[in-house]
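See below for the structure under consideration.
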Amino acid sequence: MFKKFEVKKTISVKDAENIILENLQYSNYSSINAIKKYGIGKSKVQLTEFYNINNEQTLRDTARFNRNYEWQYEIENVADWSETFYLSTPNMMEIFTTHEKGTYVYDIPKNSDVITKSTYLALFLDSYENFERSIQRGSLSDFNSAVNKGISAIELSLRDAALIYNDTSSDKIDVDERIPFNEKIDKWIPIITNGKKFDKSGRIWNSYMMYRKHRDDYDQHLKTPYAFNYEELCSLMNQYKFAIPGMLFELDILFKRRISSAVIRTKYYPQISVVEKQEE
């Protein structure tokens, strides 16, 4: 007998509905312009009505019949699942982010062969690949890489918002200020969002802080040997959807950014469990 991780194949009908609705409301889905144009609004009830009118299947039926997590709904912008580009001809692309007050253009080094369209999203996608690999292999090393890259994605998400703020405001944020991330959250977000604060009372923040402690204790500042059993690692893995994509989602909402379909979907990652298998 040996142990391995197993991911539940299906998600709940409610989670499937939320993936569709959040893509409709927040992602780069093309019909978002139609929603704005016709004044449908953004409540879940109104979005559900909009979906039901414009699709052959109702939202509930679509969610009920397609609960397999690997299924991708037509509404998902699959194109934004890849944010890294390999250029055959250097300097053919200008990288920019659109926001409410205009466009922020990033400096791209000359003669670049590989570029990322969105630094924090590219890091998140790398984190997610490591997360999937850690489950398949039962690998703590891959999981640690997923945690590291996920935390880096979150830190860069905040920095990206500060850079865009600085581009449109005379009151600049010192993005190179050497203060802890927790203080940046408290100090920068109210400036960027005109007074809003990040909610530190819920599961998302608690899971994120758990991951930061895990990274510090078992990767970056490792001082003594350590060991995890499968059940302990599984418990940590089940926090991933809250700690990394959940945190990125909340930051994107605060900064009024379009949200990657990959981030939205991973928020609803199925439950992971430990199972025992017979040796073949």
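We name chains A, B, ... following the order of the structure tokens; residues begin at 1 in each chain, and ligands are numbered from 1 as shown.
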
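Residues in contact with A:Gln136 at 10 Å, where only C-alpha atoms are counted and same-chain residues fewer than 3 positions away are skipped, are listed as Lys4, Phe5, Glu6, Val7, Asn130, Phe131, Glu132, Arg133, Ser139 and Asp142 of chain A.
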
Store the residues of this selection in a file with C-alpha atoms, as a PDB file, in the first residue's frame.
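As written to disk, again-v6.pdb reads:
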ATOM      1  CA  LYS A   4      -1.083   9.620  -2.814  1.00  0.00           C
ATOM      2  CA  PHE A   5      -3.105  12.792  -3.241  1.00  0.00           C
ATOM      3  CA  GLU A   6      -6.413  12.689  -5.071  1.00  0.00           C
ATOM      4  CA  VAL A   7      -8.395  15.670  -6.342  1.00  0.00           C
ATOM      5  CA  ASN A 130       3.924  23.914  -9.467  1.00  0.00           C
ATOM      6  CA  PHE A 131       0.845  23.375  -7.318  1.00  0.00           C
ATOM      7  CA  GLU A 132      -0.629  20.869  -9.796  1.00  0.00           C
ATOM      8  CA  ARG A 133       2.732  19.115 -10.049  1.00  0.00           C
ATOM      9  CA  SER A 139       6.186  16.644  -3.783  1.00  0.00           C
ATOM     10  CA  ASP A 142       7.032  21.537  -5.802  1.00  0.00           C
TER      11      ASP A 142
END

| Selection: 8 Å around stretch 146-151 of chain A, only C-alpha atoms, excl. self and same-chain fewer than 2 positions, as a ChimeraX atom specification | /A:123-124,126-131,142-144,153-155,211-212,215,244

| query | Which polymer residues have any atom within 12 Å of an atom of stretch 171-180 of chain A, counting only C-alpha atoms, with same-chain residues fewer than 5 positions away left out, as a list in words? | reply | Glu155, Leu156, Ser157, Leu158, Arg159, Asp160, Ala161, Ala162, Leu163, Ile164, Tyr165, Asn166, Ile185, Asp186, Lys187, Trp188, Ile189, Pro190, Ile191, Ile192 and Arg212 of chain A

Residue selection dump (C-alpha atoms) as a PDB file, in the first residue's frame:
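So result20.pdb came out as:
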ATOM      1  CA  GLU A 155       3.555  41.170  -3.758  1.00  0.00           C
ATOM      2  CA  LEU A 156       3.972  42.179  -7.404  1.00  0.00           C
ATOM      3  CA  SER A 157       0.224  42.660  -7.779  1.00  0.00           C
ATOM      4  CA  LEU A 158       0.352  45.338  -5.084  1.00  0.00           C
ATOM      5  CA  ARG A 159       3.487  46.905  -6.577  1.00  0.00           C
ATOM      6  CA  ASP A 160       1.861  46.965 -10.031  1.00  0.00           C
ATOM      7  CA  ALA A 161      -1.124  48.846  -8.625  1.00  0.00           C
ATOM      8  CA  ALA A 162       1.219  51.342  -6.954  1.00  0.00           C
ATOM      9  CA  LEU A 163       3.113  51.936 -10.235  1.00  0.00           C
ATOM     10  CA  ILE A 164      -0.141  52.621 -12.070  1.00  0.00           C
ATOM     11  CA  TYR A 165      -1.220  54.969  -9.266  1.00  0.00           C
ATOM     12  CA  ASN A 166       2.086  56.838  -9.501  1.00  0.00           C
ATOM     13  CA  ILE A 185      -1.119  46.472   2.564  1.00  0.00           C
ATOM     14  CA  ASP A 186      -2.200  48.869   5.320  1.00  0.00           C
ATOM     15  CA  LYS A 187      -0.371  51.905   3.941  1.00  0.00           C
ATOM     16  CA  TRP A 188      -0.609  51.651   0.139  1.00  0.00           C
ATOM     17  CA  ILE A 189      -4.103  50.269  -0.472  1.00  0.00           C
ATOM     18  CA  PRO A 190      -5.994  53.222   1.117  1.00  0.00           C
ATOM     19  CA  ILE A 191      -3.897  55.610  -1.011  1.00  0.00           C
ATOM     20  CA  ILE A 192      -4.477  53.682  -4.253  1.00  0.00           C
ATOM     21  CA  ARG A 212       4.004  33.192   4.425  1.00  0.00           C
TER      22      ARG A 212
END

| request: Fewer than 4 positions away in the same chain doesn't count, so skip those; otherwise give me all residues within 7 Å of stretch 54-68 of chain A, counting only C-alpha atoms, as a PyMOL selection string. | output: chain A and resi 9-13+16-17+48+50

Dump C-alpha atoms for the selected residues as a compact mmCIF listing (two decimals), in the first residue's frame?
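Result written to selection_18.txt:
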# COMPACT_ATOMS: atom_id res chain seq x y z
CA LYS A 9 -13.32 15.54 -9.97
CA THR A 10 -16.42 17.68 -9.47
CA ILE A 11 -17.26 20.97 -7.80
CA SER A 12 -20.57 22.07 -6.34
CA VAL A 13 -23.30 23.58 -8.53
CA ALA A 16 -19.75 26.22 -10.95
CA GLU A 17 -22.29 29.07 -11.07
CA THR A 48 -28.02 35.49 -13.97
CA PHE A 50 -28.46 38.33 -18.53

| query | Skipping near chain neighbours, those fewer than 4 positions away, what residues fall within 12 Å of A:Leu21 using only C-alpha atoms, listed as a PyMOL selection string? | reply | chain A and resi 14-17+25-27+29+32+42-52+59-60+62-63+73+75-76+261+264-265

| message | Restricting the calculation to only C-alpha atoms: of A:Phe198, A:Ser145, A:Leu140, A:Glu231, which residue gets closest to A:Phe249? | response | A:Phe198

| Residue neighbourhood A:Ser235, 10 Å, only C-alpha atoms, exclusion window fewer than 3 positions, as a PyMOL selection string | chain A and resi 230-232+238-240+271-274

| task | Find the residue from A:Ile204, A:Gly195, A:Asp216, A:Met210 that sits nearest to A:Phe255; use only C-alpha atoms when measuring. | result |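 Once distances to A:Phe255 are computed over only C-alpha atoms, the minimum belongs to A:Gly195.
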
| said: Calculated over only C-alpha atoms, which of the candidates A:Gln278, A:Thr193, A:Thr168, A:Asn18 has the smallest distance to A:Thr266? | reply: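 When distances to A:Thr266 are compared using only C-alpha atoms, the smallest one comes from A:Asn18.
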
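Minimum atom-to-atom distance to A:Ala262, evaluated using only C-alpha atoms, belongs to A:Asn23 out of A:Glu74, A:Asn23, A:Phe2, A:Ile135.
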